[in-house]
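Colleague: Input structure: structure_16.pdb, which contains PDB, C-alpha atoms, pLDDT in the B column.
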```pdb
MODEL        1
ATOM      1  CA  MET W 174       0.000   0.000   0.000  1.00 38.00           C
ATOM      2  CA  ASN W 175       1.041   3.616  -0.523  1.00 37.00           C
ATOM      3  CA  LYS W 176       1.756   6.136   2.183  1.00 38.00           C
ATOM      4  CA  SER W 177      -0.987   6.284   4.828  1.00 42.00           C
ATOM      5  CA  PHE W 178      -2.733   9.503   5.816  1.00 42.00           C
ATOM      6  CA  SER W 179      -3.754  10.497   9.310  1.00 42.00           C
ATOM      7  CA  ALA W 180      -7.133  12.056  10.106  1.00 43.00           C
ATOM      8  CA  ILE W 181      -8.289  14.701   7.623  1.00 45.00           C
ATOM      9  CA  ALA W 182      -7.866  17.506  10.169  1.00 39.00           C
ATOM     10  CA  ASP W 183      -4.110  16.845  10.134  1.00 39.00           C
ATOM     11  CA  ILE W 184      -3.769  16.424   6.378  1.00 43.00           C
ATOM     12  CA  PRO W 185      -3.446  19.840   4.660  1.00 37.00           C
ATOM     13  CA  ALA W 186       0.349  19.980   4.625  1.00 33.00           C
ATOM     14  CA  VAL W 187       0.599  16.351   3.603  1.00 37.00           C
ATOM     15  CA  ALA W 188      -2.032  16.649   0.891  1.00 39.00           C
ATOM     16  CA  GLY W 189      -0.043  19.394  -0.768  1.00 44.00           C
ATOM     17  CA  GLU W 190       2.907  17.030  -1.083  1.00 49.00           C
ATOM     18  CA  PHE W 191       1.137  13.789  -1.885  1.00 56.00           C
ATOM     19  CA  SER W 192      -2.099  12.560  -3.391  1.00 86.00           C
ATOM     20  CA  LEU W 193      -3.123   8.978  -3.931  1.00 94.00           C
ATOM     21  CA  PRO W 194      -2.967   7.859  -7.591  1.00 96.00           C
ATOM     22  CA  VAL W 195      -5.987   5.673  -8.439  1.00 98.00           C
ATOM     23  CA  LYS W 196      -8.116   4.995 -11.498  1.00 98.00           C
ATOM     24  CA  ALA W 197     -11.398   4.008  -9.849  1.00 98.00           C
ATOM     25  CA  VAL W 198     -13.330   4.709  -6.664  1.00 98.00           C
ATOM     26  CA  MET W 199     -15.782   2.336  -4.990  1.00 98.00           C
ATOM     27  CA  ILE W 200     -18.128   3.808  -2.389  1.00 98.00           C
ATOM     28  CA  ASP W 201     -20.235   2.092   0.266  1.00 98.00           C
ATOM     29  CA  LEU W 202     -23.920   3.042   0.556  1.00 97.00           C
ATOM     30  CA  ASP W 203     -25.371   2.944   4.096  1.00 96.00           C
ATOM     31  CA  GLY W 204     -23.427   5.234   6.402  1.00 96.00           C
ATOM     32  CA  THR W 205     -21.148   6.528   3.638  1.00 98.00           C
ATOM     33  CA  LEU W 206     -23.262   7.916   0.803  1.00 98.00           C
ATOM     34  CA  LEU W 207     -26.645   7.938   2.532  1.00 98.00           C
ATOM     35  CA  ASP W 208     -27.877   8.326   6.102  1.00 97.00           C
ATOM     36  CA  THR W 209     -30.409   5.479   6.055  1.00 97.00           C
ATOM     37  CA  ALA W 210     -30.614   4.697   9.775  1.00 96.00           C
ATOM     38  CA  ALA W 211     -33.966   6.356  10.530  1.00 97.00           C
ATOM     39  CA  ASP W 212     -35.768   4.563   7.719  1.00 97.00           C
ATOM     40  CA  LEU W 213     -34.147   1.222   8.531  1.00 97.00           C
ATOM     41  CA  ALA W 214     -35.157   1.688  12.170  1.00 97.00           C
ATOM     42  CA  ALA W 215     -38.734   2.596  11.265  1.00 98.00           C
ATOM     43  CA  ALA W 216     -39.068  -0.606   9.235  1.00 98.00           C
ATOM     44  CA  ALA W 217     -37.488  -2.716  11.977  1.00 98.00           C
ATOM     45  CA  ASN W 218     -39.804  -1.304  14.631  1.00 98.00           C
ATOM     46  CA  SER W 219     -42.859  -1.856  12.431  1.00 98.00           C
ATOM     47  CA  MET W 220     -41.734  -5.459  12.096  1.00 98.00           C
ATOM     48  CA  LEU W 221     -41.240  -5.826  15.848  1.00 98.00           C
ATOM     49  CA  ARG W 222     -44.672  -4.361  16.598  1.00 98.00           C
ATOM     50  CA  GLU W 223     -46.350  -6.747  14.177  1.00 98.00           C
ATOM     51  CA  LEU W 224     -44.572  -9.648  15.856  1.00 98.00           C
ATOM     52  CA  GLY W 225     -45.698  -8.484  19.295  1.00 97.00           C
ATOM     53  CA  LYS W 226     -42.209  -7.421  20.368  1.00 97.00           C
ATOM     54  CA  SER W 227     -40.980  -4.196  21.960  1.00 96.00           C
ATOM     55  CA  GLU W 228     -39.567  -1.449  19.753  1.00 97.00           C
ATOM     56  CA  LEU W 229     -35.893  -0.572  19.894  1.00 97.00           C
ATOM     57  CA  PRO W 230     -34.231   2.876  20.099  1.00 97.00           C
ATOM     58  CA  LEU W 231     -32.824   4.362  16.891  1.00 96.00           C
ATOM     59  CA  GLU W 232     -29.298   4.247  18.341  1.00 94.00           C
ATOM     60  CA  THR W 233     -29.582   0.510  18.971  1.00 95.00           C
ATOM     61  CA  ILE W 234     -30.824  -0.304  15.492  1.00 96.00           C
ATOM     62  CA  GLN W 235     -28.199   1.990  13.974  1.00 94.00           C
ATOM     63  CA  SER W 236     -25.522  -0.110  15.682  1.00 93.00           C
ATOM     64  CA  TYR W 237     -26.974  -3.200  13.972  1.00 94.00           C
ATOM     65  CA  ILE W 238     -26.503  -1.804  10.440  1.00 92.00           C
ATOM     66  CA  GLY W 239     -23.698  -2.888   8.129  1.00 82.00           C
ATOM     67  CA  LYS W 240     -23.880  -6.596   7.431  1.00 84.00           C
ATOM     68  CA  GLY W 241     -26.996  -6.754   5.286  1.00 82.00           C
ATOM     69  CA  VAL W 242     -30.738  -7.019   5.820  1.00 89.00           C
ATOM     70  CA  GLN W 243     -30.795 -10.547   7.241  1.00 92.00           C
ATOM     71  CA  LYS W 244     -28.245  -9.702   9.912  1.00 93.00           C
ATOM     72  CA  LEU W 245     -30.135  -6.512  10.815  1.00 95.00           C
ATOM     73  CA  VAL W 246     -33.375  -8.461  11.237  1.00 97.00           C
ATOM     74  CA  LYS W 247     -31.667 -11.158  13.347  1.00 97.00           C
ATOM     75  CA  ARG W 248     -30.119  -8.541  15.610  1.00 97.00           C
ATOM     76  CA  ALA W 249     -33.420  -6.693  15.991  1.00 98.00           C
ATOM     77  CA  LEU W 250     -35.186  -9.940  16.922  1.00 98.00           C
ATOM     78  CA  THR W 251     -32.597 -11.034  19.483  1.00 97.00           C
ATOM     79  CA  GLY W 252     -31.277  -7.697  20.752  1.00 95.00           C
ATOM     80  CA  SER W 253     -27.823  -9.186  20.185  1.00 94.00           C
ATOM     81  CA  PHE W 254     -25.055  -8.838  17.614  1.00 93.00           C
ATOM     82  CA  ASP W 255     -24.420 -12.563  17.233  1.00 91.00           C
ATOM     83  CA  GLU W 256     -27.290 -14.556  18.733  1.00 95.00           C
ATOM     84  CA  GLU W 257     -29.436 -16.538  16.287  1.00 96.00           C
ATOM     85  CA  PRO W 258     -33.223 -16.103  16.544  1.00 97.00           C
ATOM     86  CA  ASN W 259     -35.738 -18.934  16.423  1.00 96.00           C
ATOM     87  CA  VAL W 260     -35.811 -20.139  12.803  1.00 97.00           C
ATOM     88  CA  GLU W 261     -39.587 -19.951  12.492  1.00 97.00           C
ATOM     89  CA  LEU W 262     -39.647 -16.436  13.947  1.00 97.00           C
ATOM     90  CA  PHE W 263     -36.933 -15.277  11.558  1.00 98.00           C
ATOM     91  CA  GLU W 264     -38.799 -16.738   8.581  1.00 97.00           C
ATOM     92  CA  ARG W 265     -41.903 -14.810   9.650  1.00 98.00           C
ATOM     93  CA  ALA W 266     -39.937 -11.635  10.294  1.00 98.00           C
ATOM     94  CA  MET W 267     -38.025 -11.308   7.011  1.00 97.00           C
ATOM     95  CA  PRO W 268     -40.985 -10.709   4.661  1.00 98.00           C
ATOM     96  CA  ILE W 269     -42.515  -8.300   7.170  1.00 98.00           C
ATOM     97  CA  TYR W 270     -39.298  -6.303   7.336  1.00 97.00           C
ATOM     98  CA  GLU W 271     -38.896  -6.256   3.551  1.00 96.00           C
ATOM     99  CA  ARG W 272     -42.495  -5.079   3.114  1.00 97.00           C
ATOM    100  CA  GLU W 273     -42.102  -2.324   5.707  1.00 98.00           C
ATOM    101  CA  TYR W 274     -38.710  -1.141   4.458  1.00 97.00           C
ATOM    102  CA  ALA W 275     -40.100  -0.819   0.931  1.00 96.00           C
ATOM    103  CA  LYS W 276     -42.575   1.685   2.436  1.00 96.00           C
ATOM    104  CA  THR W 277     -39.979   3.707   4.382  1.00 95.00           C
ATOM    105  CA  LEU W 278     -37.119   3.448   1.878  1.00 96.00           C
ATOM    106  CA  TYR W 279     -36.664   7.179   1.228  1.00 97.00           C
ATOM    107  CA  VAL W 280     -38.742   8.954   3.860  1.00 97.00           C
ATOM    108  CA  ASN W 281     -35.925  10.363   6.010  1.00 97.00           C
ATOM    109  CA  THR W 282     -32.901   9.061   4.074  1.00 98.00           C
ATOM    110  CA  ARG W 283     -30.690  11.739   2.529  1.00 97.00           C
ATOM    111  CA  PRO W 284     -27.120  12.030   1.179  1.00 98.00           C
ATOM    112  CA  TYR W 285     -24.538  13.103   3.731  1.00 98.00           C
ATOM    113  CA  PRO W 286     -22.952  16.564   3.368  1.00 97.00           C
ATOM    114  CA  GLY W 287     -20.257  16.603   0.701  1.00 97.00           C
ATOM    115  CA  VAL W 288     -21.563  13.555  -1.167  1.00 98.00           C
ATOM    116  CA  LEU W 289     -22.954  15.298  -4.249  1.00 98.00           C
ATOM    117  CA  ASP W 290     -20.063  17.768  -4.515  1.00 98.00           C
ATOM    118  CA  GLY W 291     -17.572  14.935  -4.089  1.00 98.00           C
ATOM    119  CA  LEU W 292     -19.242  12.730  -6.690  1.00 98.00           C
ATOM    120  CA  ASN W 293     -19.332  15.586  -9.168  1.00 98.00           C
ATOM    121  CA  ILE W 294     -15.607  16.216  -8.708  1.00 98.00           C
ATOM    122  CA  LEU W 295     -14.790  12.527  -9.078  1.00 98.00           C
ATOM    123  CA  ARG W 296     -16.910  12.168 -12.208  1.00 97.00           C
ATOM    124  CA  GLU W 297     -15.532  15.326 -13.807  1.00 97.00           C
ATOM    125  CA  ALA W 298     -11.986  14.119 -13.089  1.00 97.00           C
ATOM    126  CA  GLY W 299     -12.700  10.934 -15.029  1.00 97.00           C
ATOM    127  CA  PHE W 300     -12.525   8.343 -12.238  1.00 98.00           C
ATOM    128  CA  HIS W 301     -14.481   5.128 -12.732  1.00 98.00           C
ATOM    129  CA  LEU W 302     -17.139   5.015 -10.003  1.00 98.00           C
ATOM    130  CA  ALA W 303     -18.828   2.007  -8.389  1.00 98.00           C
ATOM    131  CA  CYS W 304     -21.256   1.640  -5.505  1.00 98.00           C
ATOM    132  CA  VAL W 305     -20.488  -1.488  -3.473  1.00 98.00           C
ATOM    133  CA  THR W 306     -22.929  -2.311  -0.678  1.00 96.00           C
ATOM    134  CA  ASN W 307     -24.199  -5.238   1.370  1.00 94.00           C
ATOM    135  CA  LYS W 308     -27.788  -3.987   0.958  1.00 93.00           C
ATOM    136  CA  ALA W 309     -30.019  -6.211  -1.189  1.00 91.00           C
ATOM    137  CA  GLU W 310     -30.409  -5.092  -4.801  1.00 95.00           C
ATOM    138  CA  VAL W 311     -34.192  -4.775  -4.447  1.00 94.00           C
ATOM    139  CA  PHE W 312     -33.519  -1.843  -2.098  1.00 95.00           C
ATOM    140  CA  THR W 313     -30.178  -0.576  -3.439  1.00 96.00           C
ATOM    141  CA  LEU W 314     -31.260   0.422  -6.930  1.00 97.00           C
ATOM    142  CA  PRO W 315     -34.516   2.226  -5.971  1.00 97.00           C
ATOM    143  CA  LEU W 316     -32.672   3.996  -3.160  1.00 97.00           C
ATOM    144  CA  LEU W 317     -29.892   5.269  -5.448  1.00 98.00           C
ATOM    145  CA  ARG W 318     -32.505   6.471  -7.940  1.00 97.00           C
ATOM    146  CA  ALA W 319     -34.563   8.206  -5.238  1.00 97.00           C
ATOM    147  CA  ALA W 320     -31.449   9.973  -3.937  1.00 97.00           C
ATOM    148  CA  GLY W 321     -30.419  11.086  -7.444  1.00 97.00           C
ATOM    149  CA  LEU W 322     -27.156   9.145  -7.208  1.00 98.00           C
ATOM    150  CA  ALA W 323     -27.700   6.252  -9.630  1.00 98.00           C
ATOM    151  CA  GLU W 324     -26.385   8.158 -12.643  1.00 97.00           C
ATOM    152  CA  TYR W 325     -22.961   8.602 -11.045  1.00 98.00           C
ATOM    153  CA  PHE W 326     -22.103   4.908 -10.939  1.00 98.00           C
ATOM    154  CA  GLU W 327     -20.927   2.802 -13.858  1.00 98.00           C
ATOM    155  CA  LEU W 328     -21.257  -0.296 -11.681  1.00 98.00           C
ATOM    156  CA  THR W 329     -23.466  -1.081  -8.682  1.00 98.00           C
ATOM    157  CA  LEU W 330     -22.819  -4.243  -6.654  1.00 98.00           C
ATOM    158  CA  SER W 331     -25.353  -5.155  -3.981  1.00 97.00           C
ATOM    159  CA  GLY W 332     -25.134  -7.733  -1.240  1.00 93.00           C
ATOM    160  CA  ASP W 333     -26.813 -10.341  -3.437  1.00 94.00           C
ATOM    161  CA  SER W 334     -25.124  -9.467  -6.747  1.00 97.00           C
ATOM    162  CA  LEU W 335     -22.324 -12.003  -6.211  1.00 98.00           C
ATOM    163  CA  PRO W 336     -21.900 -15.230  -4.201  1.00 98.00           C
ATOM    164  CA  ARG W 337     -20.023 -13.356  -1.446  1.00 97.00           C
ATOM    165  CA  LYS W 338     -20.210  -9.846  -0.030  1.00 95.00           C
ATOM    166  CA  LYS W 339     -18.015  -7.582   2.094  1.00 96.00           C
ATOM    167  CA  PRO W 340     -15.883  -8.249   4.155  1.00 96.00           C
ATOM    168  CA  ASP W 341     -15.024 -10.839   1.504  1.00 98.00           C
ATOM    169  CA  PRO W 342     -12.897  -9.167  -1.218  1.00 98.00           C
ATOM    170  CA  MET W 343     -14.980 -10.663  -4.045  1.00 98.00           C
ATOM    171  CA  PRO W 344     -17.054  -7.519  -4.841  1.00 98.00           C
ATOM    172  CA  LEU W 345     -13.952  -5.322  -4.896  1.00 98.00           C
ATOM    173  CA  LEU W 346     -11.996  -7.709  -7.099  1.00 98.00           C
ATOM    174  CA  HIS W 347     -15.026  -8.033  -9.381  1.00 98.00           C
ATOM    175  CA  ALA W 348     -15.070  -4.246  -9.764  1.00 98.00           C
ATOM    176  CA  CYS W 349     -11.350  -4.223 -10.554  1.00 98.00           C
ATOM    177  CA  THR W 350     -11.924  -6.811 -13.279  1.00 98.00           C
ATOM    178  CA  HIS W 351     -14.890  -4.839 -14.609  1.00 98.00           C
ATOM    179  CA  PHE W 352     -12.773  -1.692 -14.926  1.00 98.00           C
ATOM    180  CA  ALA W 353      -9.712  -3.630 -16.137  1.00 98.00           C
ATOM    181  CA  ILE W 354      -7.475  -2.237 -13.393  1.00 98.00           C
ATOM    182  CA  LEU W 355      -5.243  -3.614 -10.655  1.00 98.00           C
ATOM    183  CA  PRO W 356      -6.486  -3.638  -7.037  1.00 98.00           C
ATOM    184  CA  SER W 357      -3.708  -1.167  -6.195  1.00 97.00           C
ATOM    185  CA  GLU W 358      -5.353   1.269  -8.642  1.00 98.00           C
ATOM    186  CA  MET W 359      -8.663   1.182  -6.758  1.00 98.00           C
ATOM    187  CA  LEU W 360      -9.862   3.151  -3.706  1.00 98.00           C
ATOM    188  CA  LEU W 361     -12.758   2.083  -1.501  1.00 98.00           C
ATOM    189  CA  ILE W 362     -14.504   4.706   0.642  1.00 98.00           C
ATOM    190  CA  GLY W 363     -16.523   3.212   3.491  1.00 98.00           C
ATOM    191  CA  ASP W 364     -17.557   3.539   7.099  1.00 96.00           C
ATOM    192  CA  SER W 365     -16.968   0.167   8.713  1.00 95.00           C
ATOM    193  CA  LEU W 366     -14.768  -2.774   9.602  1.00 95.00           C
ATOM    194  CA  ASN W 367     -16.447  -4.654   6.730  1.00 94.00           C
ATOM    195  CA  ASP W 368     -15.074  -2.100   4.285  1.00 97.00           C
ATOM    196  CA  ALA W 369     -11.587  -2.013   5.785  1.00 97.00           C
ATOM    197  CA  GLU W 370     -11.257  -5.803   5.856  1.00 97.00           C
ATOM    198  CA  ALA W 371     -12.551  -6.170   2.296  1.00 98.00           C
ATOM    199  CA  ALA W 372     -10.145  -3.534   0.970  1.00 98.00           C
ATOM    200  CA  ARG W 373      -7.116  -4.996   2.714  1.00 98.00           C
ATOM    201  CA  ALA W 374      -8.003  -8.516   1.550  1.00 98.00           C
ATOM    202  CA  ALA W 375      -8.381  -7.289  -2.025  1.00 98.00           C
ATOM    203  CA  GLY W 376      -5.219  -5.152  -1.983  1.00 98.00           C
ATOM    204  CA  CYS W 377      -7.145  -1.905  -2.504  1.00 97.00           C
ATOM    205  CA  HIS W 378      -6.715   1.454  -0.808  1.00 98.00           C
ATOM    206  CA  ILE W 379      -9.294   2.405   1.824  1.00 98.00           C
ATOM    207  CA  PHE W 380     -10.539   5.752   3.167  1.00 98.00           C
ATOM    208  CA  CYS W 381     -13.086   5.741   6.017  1.00 97.00           C
ATOM    209  CA  VAL W 382     -15.656   8.382   6.963  1.00 98.00           C
ATOM    210  CA  PRO W 383     -16.293   8.919  10.706  1.00 96.00           C
ATOM    211  CA  TYR W 384     -20.017   9.716  10.522  1.00 96.00           C
ATOM    212  CA  GLY W 385     -21.291   6.254   9.531  1.00 94.00           C
ATOM    213  CA  TYR W 386     -22.396   3.234  11.506  1.00 92.00           C
ATOM    214  CA  ASN W 387     -19.531   0.722  12.062  1.00 90.00           C
ATOM    215  CA  GLU W 388     -21.597  -0.989  14.769  1.00 87.00           C
ATOM    216  CA  GLY W 389     -21.060   1.983  17.075  1.00 83.00           C
ATOM    217  CA  ARG W 390     -17.250   1.816  17.047  1.00 88.00           C
ATOM    218  CA  ASP W 391     -14.779   4.567  16.134  1.00 92.00           C
ATOM    219  CA  VAL W 392     -13.415   4.169  12.591  1.00 93.00           C
ATOM    220  CA  ARG W 393     -10.103   5.611  13.726  1.00 93.00           C
ATOM    221  CA  GLU W 394      -9.402   2.180  15.197  1.00 93.00           C
ATOM    222  CA  LEU W 395      -9.593   0.617  11.712  1.00 95.00           C
ATOM    223  CA  ASP W 396      -6.720  -0.176   9.358  1.00 95.00           C
ATOM    224  CA  CYS W 397      -7.359   2.498   6.726  1.00 95.00           C
ATOM    225  CA  ASP W 398      -5.234   4.904   4.680  1.00 95.00           C
ATOM    226  CA  ALA W 399      -7.182   7.967   5.842  1.00 95.00           C
ATOM    227  CA  VAL W 400     -10.155   9.044   7.899  1.00 96.00           C
ATOM    228  CA  VAL W 401     -11.873  11.709   5.789  1.00 97.00           C
ATOM    229  CA  LEU W 402     -14.734  13.929   6.890  1.00 96.00           C
ATOM    230  CA  SER W 403     -16.654  13.608   3.620  1.00 97.00           C
ATOM    231  CA  ILE W 404     -16.656  12.248   0.079  1.00 98.00           C
ATOM    232  CA  LEU W 405     -15.668  15.759  -0.992  1.00 97.00           C
ATOM    233  CA  ASP W 406     -12.567  15.634   1.222  1.00 97.00           C
ATOM    234  CA  ALA W 407     -11.733  12.193  -0.174  1.00 97.00           C
ATOM    235  CA  ALA W 408     -11.965  13.533  -3.735  1.00 97.00           C
ATOM    236  CA  ARG W 409      -9.362  16.165  -2.893  1.00 95.00           C
ATOM    237  CA  LEU W 410      -6.836  13.564  -1.787  1.00 96.00           C
ATOM    238  CA  ILE W 411      -6.693  11.455  -4.954  1.00 97.00           C
ATOM    239  CA  ARG W 412      -5.564  11.941  -8.534  1.00 95.00           C
ATOM    240  CA  LYS W 413      -5.497  10.047 -11.800  1.00 94.00           C
ATOM    241  CA  PRO W 414      -2.090   8.415 -12.449  1.00 92.00           C
ATOM    242  CA  SER W 415       0.096  10.346 -14.864  1.00 81.00           C
TER     243      SER W 415
ENDMDL
END
```
Show this structure as structure tokens.
Modeller:
Amino acid sequence: MNKSFSAIADIPAVAGEFSLPVKAVMIDLDGTLLDTAADLAAAANSMLRELGKSELPLETIQSYIGKGVQKLVKRALTGSFDEEPNVELFERAMPIYEREYAKTLYVNTRPYPGVLDGLNILREAGFHLACVTNKAEVFTLPLLRAAGLAEYFELTLSGDSLPRKKPDPMPLLHACTHFAILPSEMLLIGDSLNDAEAARAAGCHIFCVPYGYNEGRDVRELDCDAVVLSILDAARLIRKPS
């Protein structure tokens, strides 16, 4: 990997001397591009009510986000990160959650500050752009369209697009093959351990944003090349190879 950056607040002098040369940028969805927590929580609590269970606070459900819909539902049912719910209960819960989330998909969800400006800079600079998420495609594509972001991405990989999802490197390596580039020529921007582990396993660069979910943990503890305050800040730290 190339030279690592510290937190964005400490970067200005460094950024003037060095910028990361990459040809493509992959960006995570939940907690990186879009703040989806309120709508995910609304759907989860509707599901819990229908099942006769107590609702959960937004902060709790937000900490459950990041490993796909099935994991979110299991965590909401058990109130635990790793405990498995009763199989019959889970099979009842999944279609309820999917129905309810389809209703709340873009009620409170919005792009984070700096997302649109950052994407415009990246597109105008000629970087290949991909959205790589663990969210199911049935939600990913409508959500990107509703947010006005779909047009930015040449490739969108959802949690069910391939046999394996993040933290497995498969989606990142698939994107590299799609763009005909080496993993070292790719940057992933994400908000979680899933993203950091996938990037390191693939041999890609990784920037993390601090405002996302990451199961409630500080992204500064992750193995990443930089912690950047926004997609816009990330765009300012990279360049096309000469």
Colleague: Any chance you could resolve the PyMOL selection byres ((chain W and resi 312-315) around 12) against this file and give the residues as a PDB file with C-alpha atoms, in the frame of the given file?
Modeller:
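This went into expr.pdb:
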```pdb
ATOM      1  CA  ASP W 201     -20.235   2.092   0.266  1.00 98.00           C
ATOM      2  CA  LEU W 202     -23.920   3.042   0.556  1.00 97.00           C
ATOM      3  CA  ASP W 203     -25.371   2.944   4.096  1.00 96.00           C
ATOM      4  CA  LEU W 206     -23.262   7.916   0.803  1.00 98.00           C
ATOM      5  CA  LEU W 207     -26.645   7.938   2.532  1.00 98.00           C
ATOM      6  CA  THR W 209     -30.409   5.479   6.055  1.00 97.00           C
ATOM      7  CA  ASP W 212     -35.768   4.563   7.719  1.00 97.00           C
ATOM      8  CA  LEU W 213     -34.147   1.222   8.531  1.00 97.00           C
ATOM      9  CA  GLY W 241     -26.996  -6.754   5.286  1.00 82.00           C
ATOM     10  CA  VAL W 242     -30.738  -7.019   5.820  1.00 89.00           C
ATOM     11  CA  TYR W 270     -39.298  -6.303   7.336  1.00 97.00           C
ATOM     12  CA  GLU W 271     -38.896  -6.256   3.551  1.00 96.00           C
ATOM     13  CA  ARG W 272     -42.495  -5.079   3.114  1.00 97.00           C
ATOM     14  CA  GLU W 273     -42.102  -2.324   5.707  1.00 98.00           C
ATOM     15  CA  TYR W 274     -38.710  -1.141   4.458  1.00 97.00           C
ATOM     16  CA  ALA W 275     -40.100  -0.819   0.931  1.00 96.00           C
ATOM     17  CA  LYS W 276     -42.575   1.685   2.436  1.00 96.00           C
ATOM     18  CA  THR W 277     -39.979   3.707   4.382  1.00 95.00           C
ATOM     19  CA  LEU W 278     -37.119   3.448   1.878  1.00 96.00           C
ATOM     20  CA  TYR W 279     -36.664   7.179   1.228  1.00 97.00           C
ATOM     21  CA  CYS W 304     -21.256   1.640  -5.505  1.00 98.00           C
ATOM     22  CA  VAL W 305     -20.488  -1.488  -3.473  1.00 98.00           C
ATOM     23  CA  THR W 306     -22.929  -2.311  -0.678  1.00 96.00           C
ATOM     24  CA  ASN W 307     -24.199  -5.238   1.370  1.00 94.00           C
ATOM     25  CA  LYS W 308     -27.788  -3.987   0.958  1.00 93.00           C
ATOM     26  CA  ALA W 309     -30.019  -6.211  -1.189  1.00 91.00           C
ATOM     27  CA  GLU W 310     -30.409  -5.092  -4.801  1.00 95.00           C
ATOM     28  CA  VAL W 311     -34.192  -4.775  -4.447  1.00 94.00           C
ATOM     29  CA  LEU W 316     -32.672   3.996  -3.160  1.00 97.00           C
ATOM     30  CA  LEU W 317     -29.892   5.269  -5.448  1.00 98.00           C
ATOM     31  CA  ARG W 318     -32.505   6.471  -7.940  1.00 97.00           C
ATOM     32  CA  ALA W 319     -34.563   8.206  -5.238  1.00 97.00           C
ATOM     33  CA  ALA W 320     -31.449   9.973  -3.937  1.00 97.00           C
ATOM     34  CA  GLY W 321     -30.419  11.086  -7.444  1.00 97.00           C
ATOM     35  CA  LEU W 322     -27.156   9.145  -7.208  1.00 98.00           C
ATOM     36  CA  ALA W 323     -27.700   6.252  -9.630  1.00 98.00           C
ATOM     37  CA  GLU W 324     -26.385   8.158 -12.643  1.00 97.00           C
ATOM     38  CA  PHE W 326     -22.103   4.908 -10.939  1.00 98.00           C
ATOM     39  CA  LEU W 328     -21.257  -0.296 -11.681  1.00 98.00           C
ATOM     40  CA  THR W 329     -23.466  -1.081  -8.682  1.00 98.00           C
ATOM     41  CA  LEU W 330     -22.819  -4.243  -6.654  1.00 98.00           C
ATOM     42  CA  SER W 331     -25.353  -5.155  -3.981  1.00 97.00           C
ATOM     43  CA  GLY W 332     -25.134  -7.733  -1.240  1.00 93.00           C
ATOM     44  CA  ASP W 333     -26.813 -10.341  -3.437  1.00 94.00           C
ATOM     45  CA  SER W 334     -25.124  -9.467  -6.747  1.00 97.00           C
TER      46      SER W 334
END
```
Colleague: Dump as a PyMOL selection string all residues having an atom at most 12 Å from (-21.2, 8.1, 5.6), computed in the file's coordinates with all atoms listed in the file.
Modeller: chain W and resi 200-210+239+282-288+362-365+368+380-387+392+400-405+407
Colleague: Report, in Å with one decimal, the straight-line distance from atom CA of W:Ser357 to atom CA of W:Asp341.
Modeller: 16.8 Å
Colleague: Pull out every residue that the PyMOL selection byres ((chain W and resi 194) around 8) matches in the shown coordinates and put them as a list in words.
Modeller: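 So the PyMOL selection byres ((chain W and resi 194) around 8) ends up selecting Ser192, Leu193, Val195, Lys196, Glu358, Ile411, Arg412, Lys413 and Pro414 of chain W.
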Colleague: Using Å and a single decimal, report how far atom CA of W:Ile234 sits from atom CA of W:Ala214.
Modeller: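 Interatomic distance, atom CA of W:Ala214 to atom CA of W:Ile234: 5.8 Å.
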Colleague: Any idea what's packed within 12 Å of W:Thr251, counting all atoms listed in the file, ignoring anything in its chain fewer than 3 positions away? Could you give it as a ChimeraX atom specification?
Modeller: /W:221,226-229,233-234,237,244-248,254-260,262-263,266
Colleague: What is the distance between atom CA of W:Ser236 and atom CA of W:Lys338, in Å to one decimal?
Modeller: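 So the answer is 19.2 Å.
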Colleague: Residues at most 10 Å from W:Ala348, counting all atoms listed in the file, excluding those fewer than 5 positions away in the same chain, as a compact mmCIF listing (two decimals) with C-alpha atoms, in the frame of the given file?
Modeller:
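result_25.txt written:
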```txt
# COMPACT_ATOMS: atom_id res chain seq x y z
CA ALA W 197 -11.40 4.01 -9.85
CA VAL W 198 -13.33 4.71 -6.66
CA MET W 199 -15.78 2.34 -4.99
CA HIS W 301 -14.48 5.13 -12.73
CA LEU W 302 -17.14 5.01 -10.00
CA ALA W 303 -18.83 2.01 -8.39
CA CYS W 304 -21.26 1.64 -5.50
CA VAL W 305 -20.49 -1.49 -3.47
CA LEU W 328 -21.26 -0.30 -11.68
CA THR W 329 -23.47 -1.08 -8.68
CA LEU W 330 -22.82 -4.24 -6.65
CA MET W 343 -14.98 -10.66 -4.04
CA ALA W 353 -9.71 -3.63 -16.14
CA ILE W 354 -7.48 -2.24 -13.39
CA LEU W 355 -5.24 -3.61 -10.66
CA PRO W 356 -6.49 -3.64 -7.04
CA MET W 359 -8.66 1.18 -6.76
```
Colleague: Using all atoms listed in the file, which of W:Ala374, W:Leu345, W:Leu250, W:Ala211 sits nearest W:Gly225?
Modeller: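 Under the stated criterion, the closest residue is W:Leu250.
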Colleague: Of the candidates W:Leu292, W:Ala298, W:Ile379, W:Leu395, which one gets nearest to W:Leu366 if we count only C-alpha atoms?
Modeller: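 For W:Leu366, the nearest of the candidates is W:Leu395.
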Colleague: N, CA and C atoms are what I want for stretch 377-381 of chain W; can you complete it accordingly and write them as a CSV table (one decimal), keeping the file's coordinate frame?
Modeller:
```csv
chain,number,residue,atom,x,y,z
W,377,CYS,N,-6.7,-3.2,-2.1
W,377,CYS,CA,-7.1,-1.9,-2.5
W,377,CYS,C,-6.8,-0.9,-1.4
W,378,HIS,N,-6.8,0.4,-1.8
W,378,HIS,CA,-6.7,1.5,-0.8
W,378,HIS,C,-8.1,1.7,-0.1
W,379,ILE,N,-8.1,2.2,1.1
W,379,ILE,CA,-9.3,2.4,1.8
W,379,ILE,C,-9.3,3.7,2.6
W,380,PHE,N,-10.3,4.6,2.4
W,380,PHE,CA,-10.5,5.8,3.2
W,380,PHE,C,-11.8,5.5,4.0
W,381,CYS,N,-11.9,5.9,5.2
W,381,CYS,CA,-13.1,5.7,6.0
W,381,CYS,C,-13.7,7.1,6.4
```
